[in-house]
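Peer 1: Please see the structure below; I have some questions.
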Amino acid sequence: MNWAGLYTVLSGVNRHSTAIGRIWLSVIFIFRIMVLVVAAESVWGDEKSAFTCNTQQPGCNSVCYDHFFPISHIRLWALQLILVTTPALLVAMHVAYQQHQEKKLLVLTGHADPKHMEEVKKHKMRISGSLWWTYVCSVVFRLLFEAVFMYIFYMLYPGYQMVRLVKCEAYPCPNTVDCFISRPTEKTIFTVFMLVTSSICIILNMAELVYLVVRACARRGQHNSNPTSAKGSFYGHKLSSEYKQNEINQLLTEQDGSFKDMLRRNPGLQEKGDRCSAC
Amino acid sequence: MDWGALHTILGGVNKHSTSIGKIWLTVLFIFRIMILVVAAERVWGDEQDDFICNTLQPGCKNVCYDHFFPISHIRLWALQLIFVSTPALLVAMHVAYRRHEKKRQFRKGDQKCEYKDIEEIRRQRFRIEGSLWWTYTSSIFFRLVFEAVFMYAFYFMYDGFRMPRLMKCNAWPCPNTVDCFVSRPTEKTVFTIFMIAVSSICILLNVAELCYLLTKFFLRRSKKSGNTKQHPNHENKEETKQNEMNELISDSCQNTVIGFSS
């Protein structure tokens, strides 16, 4: 499991994201993960071996390095990227659950042929109902993780500039000792670069949140002005194609009583969230 | 996520590029990215370890290295290649958006839509016209800007493209002035010149592609305005020409008969 594995997992989620979500994912993979792997890791590669202190005292080098770099920038960024990309898996799990429900519905209504099952797997889910809430939660978590890591970064390394020289007096160093960091300017450049891309990602996430909220309110406004459309769209939410919509409506009218009984006996088939106001 | 993944992402864009765009992409991947990964990274691999200063003063080497190499050539090139290849994603996003619209039309059962199935929409290659032309042209323009900016940054940081063998350093804590020696300077100069040359070729290809797109645009525009002027009499002109040809043929036949008979 490496970054390529994460890419494979998250590309699947991409299909059910908004346009801003897809841009965010591209920025993450190209400007953050790729830059980390291809460039930044080699800059920090010799951070400990080239960390030189002006002393011959054994152990002083290690102690001073540990004192000034409790966790390396590279590891912090790797953790940040993993935590920031994983809320998207909530959405993937919800989509999988909805697809499973649709398949069950197809089986119950007698449309369990391979073609319809494939259609369920392939069609893009609308971000409405409970999926909307899951999606919004995932965006909020992303924002939270980004902010938390940027704060941790600032706490551990006040200011974002990497200094050339640090003065260390931890035991066993005799008195105060000058220690020199390797490639400080290059490290500063990459730190600023990663910070800027992190800010861009935060802005994209906020824009996506605003877009989702505005869309939900617009849809709510449409629903209020068109109350009759709400009934017809109950199954339209689950099965997006019109053909399936018609079929289900037909079945409802033909076997009205028995179908409603079946739904009452299996409450799990109903999407409670569909009745939610954020539709 | 590495250069291979970038190649996969950009390979998809290739289908909708012009021929010059496809050549540019090939030059980028084979002569720049591949050379960077396969050769240049090894040359610069020991750049700090083998950067030796004529002093025993601890820290002097680190400080001098940092002073003369604020950002390594390899990292600059890697950033340049990432920035230069990403405008193509604008085109990919535009194409994906168009495909999405066509699929929506198809699903609604729009009679204007001429596709037989969704697979055909997925496989279709879009012509570079209309809004896609503007996106494509913008992406080429951004590529040019990024290439130029990075070449300037390179020249500015390293005062020309040659790697000197010896650098004189007097940054603290080095005592007085100290001689520092760079590892593999000639090999580094060779690769620097090579990468600059290929970068210039890429700039030329981008400029050529831009000119080609502009020429195509103006030609199409003039054809359209020419066609609208001709269009009302177009069919009549064809008939008149055909009539003239028929007359000429019948005249020449008569002459031939007369000629033979005389």
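Each chain of the structure tokens is named A, B, ... in the order shown, its residues numbered from 1; ligands are numbered from 1 in display order.
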Please return, as a PDB file with C-alpha atoms, in the first residue's frame, all residues of chain B lying within 6 Å of chain A when only C-alpha atoms are considered.
Peer 2:
ATOM      1  CA  MET B   1       2.095   8.949  -7.170  1.00  0.00           C
ATOM      2  CA  ASP B   2       5.092   9.454  -9.419  1.00  0.00           C
ATOM      3  CA  PRO B  58      31.964  22.238  11.545  1.00  0.00           C
ATOM      4  CA  GLY B  59      28.962  23.745   9.803  1.00  0.00           C
ATOM      5  CA  ASN B  62      26.462  23.135   5.192  1.00  0.00           C
ATOM      6  CA  ASP B  66      23.094  26.325   1.177  1.00  0.00           C
ATOM      7  CA  PRO B  70      19.350  27.618  -2.666  1.00  0.00           C
ATOM      8  CA  ILE B  71      17.374  25.008  -4.596  1.00  0.00           C
ATOM      9  CA  ARG B  75      14.116  19.931  -7.769  1.00  0.00           C
TER      10      ARG B  75
END
Peer 1: Please identify all polymer residues within 10 Å of Ser199 in chain A, counting only C-alpha atoms, omitting same-chain residues fewer than 4 positions from it, and present them as a PyMOL selection string.
Peer 2: chain A and resi 146-147+150+193-195+203-205
Peer 1: Of the residues A:Lys121, A:Thr191, A:Thr197, A:Asn14, which is the one nearest to Tyr157 in chain A, using only C-alpha atoms?
Peer 2: A:Thr191
Peer 1: Run DSSP on the backbone and tell me which residues of range 101-212 of chain A come out as alpha helix (DSSP H); list them as a ChimeraX atom specification.
Peer 2: /A:101-108,114-122,130-156,184-212
Peer 1: Atoms to include: C-alpha atoms. Write the selected residues as a compact mmCIF listing (two decimals), in the first residue's frame.
Peer 2:
# COMPACT_ATOMS: atom_id res chain seq x y z
CA GLN A 101 -30.01 -1.03 -1.36
CA GLU A 102 -30.82 -0.41 -5.01
CA LYS A 103 -29.74 -3.91 -5.94
CA LYS A 104 -31.95 -5.33 -3.20
CA LEU A 105 -34.86 -3.28 -4.50
CA LEU A 106 -34.25 -4.57 -8.01
CA VAL A 107 -34.23 -8.14 -6.76
CA LEU A 108 -37.51 -7.60 -4.89
CA PRO A 114 -27.19 -8.62 -15.05
CA LYS A 115 -27.88 -5.59 -17.25
CA HIS A 116 -29.80 -3.74 -14.53
CA MET A 117 -27.28 -4.74 -11.88
CA GLU A 118 -24.47 -3.30 -14.02
CA GLU A 119 -26.46 -0.12 -14.53
CA VAL A 120 -26.73 0.28 -10.73
CA LYS A 121 -22.98 -0.03 -10.39
CA LYS A 122 -22.23 2.38 -13.20
CA SER A 130 -28.49 11.37 3.34
CA LEU A 131 -25.61 11.25 0.83
CA TRP A 132 -25.59 15.05 0.95
CA TRP A 133 -25.08 14.97 4.71
CA THR A 134 -22.29 12.39 4.42
CA TYR A 135 -20.61 14.42 1.71
CA VAL A 136 -20.86 17.64 3.73
CA CYS A 137 -19.43 15.86 6.82
CA SER A 138 -16.50 14.58 4.77
CA VAL A 139 -15.75 18.10 3.53
CA VAL A 140 -15.98 19.48 7.08
CA PHE A 141 -13.57 16.79 8.35
CA ARG A 142 -11.15 17.57 5.54
CA LEU A 143 -11.19 21.24 6.51
CA LEU A 144 -10.70 20.35 10.16
CA PHE A 145 -7.72 18.09 9.49
CA GLU A 146 -6.06 20.65 7.23
CA ALA A 147 -6.47 23.38 9.85
CA VAL A 148 -5.27 21.14 12.69
CA PHE A 149 -2.14 20.11 10.84
CA MET A 150 -1.31 23.65 9.83
CA TYR A 151 -1.62 24.64 13.47
CA ILE A 152 0.58 21.73 14.63
CA PHE A 153 3.13 22.76 12.04
CA TYR A 154 3.13 26.30 13.33
CA MET A 155 3.41 25.09 16.94
CA LEU A 156 6.31 22.75 16.26
CA PRO A 184 17.75 25.26 4.92
CA THR A 185 16.84 27.49 1.95
CA GLU A 186 15.58 24.60 -0.17
CA LYS A 187 13.58 23.35 2.79
CA THR A 188 12.06 26.79 3.31
CA ILE A 189 11.06 26.95 -0.37
CA PHE A 190 9.31 23.59 -0.20
CA THR A 191 7.68 24.39 3.15
CA VAL A 192 6.20 27.58 1.70
CA PHE A 193 5.10 25.69 -1.44
CA MET A 194 3.31 23.00 0.59
CA LEU A 195 1.73 25.67 2.76
CA VAL A 196 0.41 27.55 -0.26
CA THR A 197 -1.09 24.39 -1.78
CA SER A 198 -2.61 23.52 1.58
CA SER A 199 -4.27 26.95 1.69
CA ILE A 200 -5.55 26.48 -1.87
CA CYS A 201 -7.06 23.16 -0.78
CA ILE A 202 -8.71 24.83 2.22
CA ILE A 203 -10.21 27.47 -0.08
CA LEU A 204 -11.46 24.78 -2.49
CA ASN A 205 -13.06 22.87 0.39
CA MET A 206 -14.80 26.00 1.64
CA ALA A 207 -16.02 26.78 -1.86
CA GLU A 208 -17.37 23.24 -2.17
CA LEU A 209 -19.17 23.56 1.16
CA VAL A 210 -20.78 26.84 0.11
CA TYR A 211 -21.75 25.32 -3.25
CA LEU A 212 -23.40 22.30 -1.60
Peer 1: When distances are computed from only C-alpha atoms, which of B:Thr137, B:Gln48, B:Asn206, B:Gln57 shows the smallest separation from Trp44 in chain A?
Peer 2: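 Of B:Thr137, B:Gln48, B:Asn206, B:Gln57, the one nearest Trp44 in chain A, counting only C-alpha atoms, is B:Gln48.
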Peer 1: Which neighbours of Ala92 in chain B fall inside 12 Å, counting only C-alpha atoms, when residues of the same chain fewer than 5 positions from it are skipped, and could you give them as JSON, numbers by chain?
Peer 2: {"A": [23, 26], "B": [9, 10, 11, 12, 13, 14, 15, 16, 17, 85, 86, 87, 97, 98, 99, 125, 126, 132, 135, 136, 139]}
Peer 1: Selected residues, C-alpha atoms, written as a PDB file, in the first residue's frame, please.
Peer 2:
ATOM      1  CA  ILE A  23     -10.359  19.812  -8.817  1.00  0.00           C
ATOM      2  CA  SER A  26      -6.278  16.745  -8.672  1.00  0.00           C
TER       3      SER A  26
ATOM      4  CA  ILE B   9      -3.158  11.114 -16.589  1.00  0.00           C
ATOM      5  CA  LEU B  10      -1.687  13.033 -19.511  1.00  0.00           C
ATOM      6  CA  GLY B  11      -1.922  10.136 -21.952  1.00  0.00           C
ATOM      7  CA  GLY B  12      -5.670  10.626 -21.946  1.00  0.00           C
ATOM      8  CA  VAL B  13      -5.306  14.274 -22.943  1.00  0.00           C
ATOM      9  CA  ASN B  14      -3.168  13.206 -25.904  1.00  0.00           C
ATOM     10  CA  LYS B  15      -6.204  12.010 -27.814  1.00  0.00           C
ATOM     11  CA  HIS B  16      -7.629  15.514 -28.102  1.00  0.00           C
ATOM     12  CA  SER B  17      -4.381  17.301 -28.898  1.00  0.00           C
ATOM     13  CA  SER B  85       2.378  19.502 -17.829  1.00  0.00           C
ATOM     14  CA  THR B  86      -0.605  20.460 -15.695  1.00  0.00           C
ATOM     15  CA  PRO B  87      -2.297  23.035 -17.994  1.00  0.00           C
ATOM     16  CA  TYR B  97     -17.454  18.336 -19.177  1.00  0.00           C
ATOM     17  CA  ARG B  98     -18.496  18.198 -22.850  1.00  0.00           C
ATOM     18  CA  ARG B  99     -18.786  14.430 -22.703  1.00  0.00           C
ATOM     19  CA  ARG B 125     -12.650  12.683 -30.211  1.00  0.00           C
ATOM     20  CA  PHE B 126     -13.733  16.304 -30.011  1.00  0.00           C
ATOM     21  CA  LEU B 132     -12.574  24.079 -26.400  1.00  0.00           C
ATOM     22  CA  THR B 135      -9.306  26.349 -23.338  1.00  0.00           C
ATOM     23  CA  TYR B 136      -6.673  24.658 -25.480  1.00  0.00           C
ATOM     24  CA  SER B 139      -3.364  25.881 -21.764  1.00  0.00           C
TER      25      SER B 139
END
Peer 1: Excluding His16 in chain A and its own-chain neighbours fewer than 6 positions away, which residues fall within 9 Å of it when counting only C-alpha atoms? Please give them as number ranges by chain.
Peer 2: A: 91-92, 95, 124-127
Peer 1: Would you write out those residues with N, CA and C atoms, as a PDB file, in the first residue's frame?
Peer 2:
ATOM      1  N   VAL A  91     -17.805   8.860   1.968  1.00  0.00           N
ATOM      2  CA  VAL A  91     -18.705   8.992   0.830  1.00  0.00           C
ATOM      3  C   VAL A  91     -18.727   7.686   0.038  1.00  0.00           C
ATOM      4  N   ALA A  92     -17.547   7.105  -0.172  1.00  0.00           N
ATOM      5  CA  ALA A  92     -17.473   5.847  -0.924  1.00  0.00           C
ATOM      6  C   ALA A  92     -18.287   4.758  -0.235  1.00  0.00           C
ATOM      7  N   VAL A  95     -22.027   5.467  -0.708  1.00  0.00           N
ATOM      8  CA  VAL A  95     -22.443   5.160  -2.080  1.00  0.00           C
ATOM      9  C   VAL A  95     -22.589   3.641  -2.240  1.00  0.00           C
ATOM     10  N   LYS A 124     -24.152   7.372 -11.835  1.00  0.00           N
ATOM     11  CA  LYS A 124     -23.597   8.320 -10.870  1.00  0.00           C
ATOM     12  C   LYS A 124     -24.687   8.727  -9.881  1.00  0.00           C
ATOM     13  N   MET A 125     -24.369   8.646  -8.598  1.00  0.00           N
ATOM     14  CA  MET A 125     -25.346   8.995  -7.564  1.00  0.00           C
ATOM     15  C   MET A 125     -25.509  10.498  -7.450  1.00  0.00           C
ATOM     16  N   ARG A 126     -26.736  10.928  -7.296  1.00  0.00           N
ATOM     17  CA  ARG A 126     -26.952  12.344  -7.048  1.00  0.00           C
ATOM     18  C   ARG A 126     -26.625  12.649  -5.599  1.00  0.00           C
ATOM     19  N   ILE A 127     -26.023  13.812  -5.380  1.00  0.00           N
ATOM     20  CA  ILE A 127     -25.676  14.168  -3.998  1.00  0.00           C
ATOM     21  C   ILE A 127     -26.892  14.819  -3.368  1.00  0.00           C
TER      22      ILE A 127
END
Peer 1: I'd like to know which of B:Ala5, B:Ala88, B:Ala39, B:Ile203 is closest to Val145 in chain B, using only C-alpha atoms.
Peer 2: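 Of B:Ala5, B:Ala88, B:Ala39, B:Ile203, the one nearest Val145 in chain B, counting only C-alpha atoms, is B:Ile203.
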Peer 1: Can you tell me how far CA of Met167 in chain B sits from CA of Cys64 in chain B, in Å to one decimal?
Peer 2: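 We find that CA of Met167 in chain B and CA of Cys64 in chain B lie 8.9 Å from each other.
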Peer 1: Applying 9 Å and only C-alpha atoms, which residues near Val27 in chain B remain after dropping the ones on its own chain fewer than 4 positions away? List them as a PyMOL selection string.
Peer 2: chain B and resi 22-23+31-33+198+201-202
Peer 1: Give me every strand (DSSP E) residue in range 58-224 of chain B, going by DSSP on the backbone, as a list in words.
Peer 2: Leu166, Met167, Lys168, Cys169, Val178, Asp179, Cys180 and Phe181 of chain B
Peer 1: So how far away is CA of Lys48 in chain A from CA of Asp46 in chain B, in Å?
Peer 2: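 The value is 15.4 Å.
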Peer 1: Give me, please, the distance in Å between CA of Phe156 in chain B and CA of Phe194 in chain B, quoted to one decimal.
Peer 2: 18.1 Å
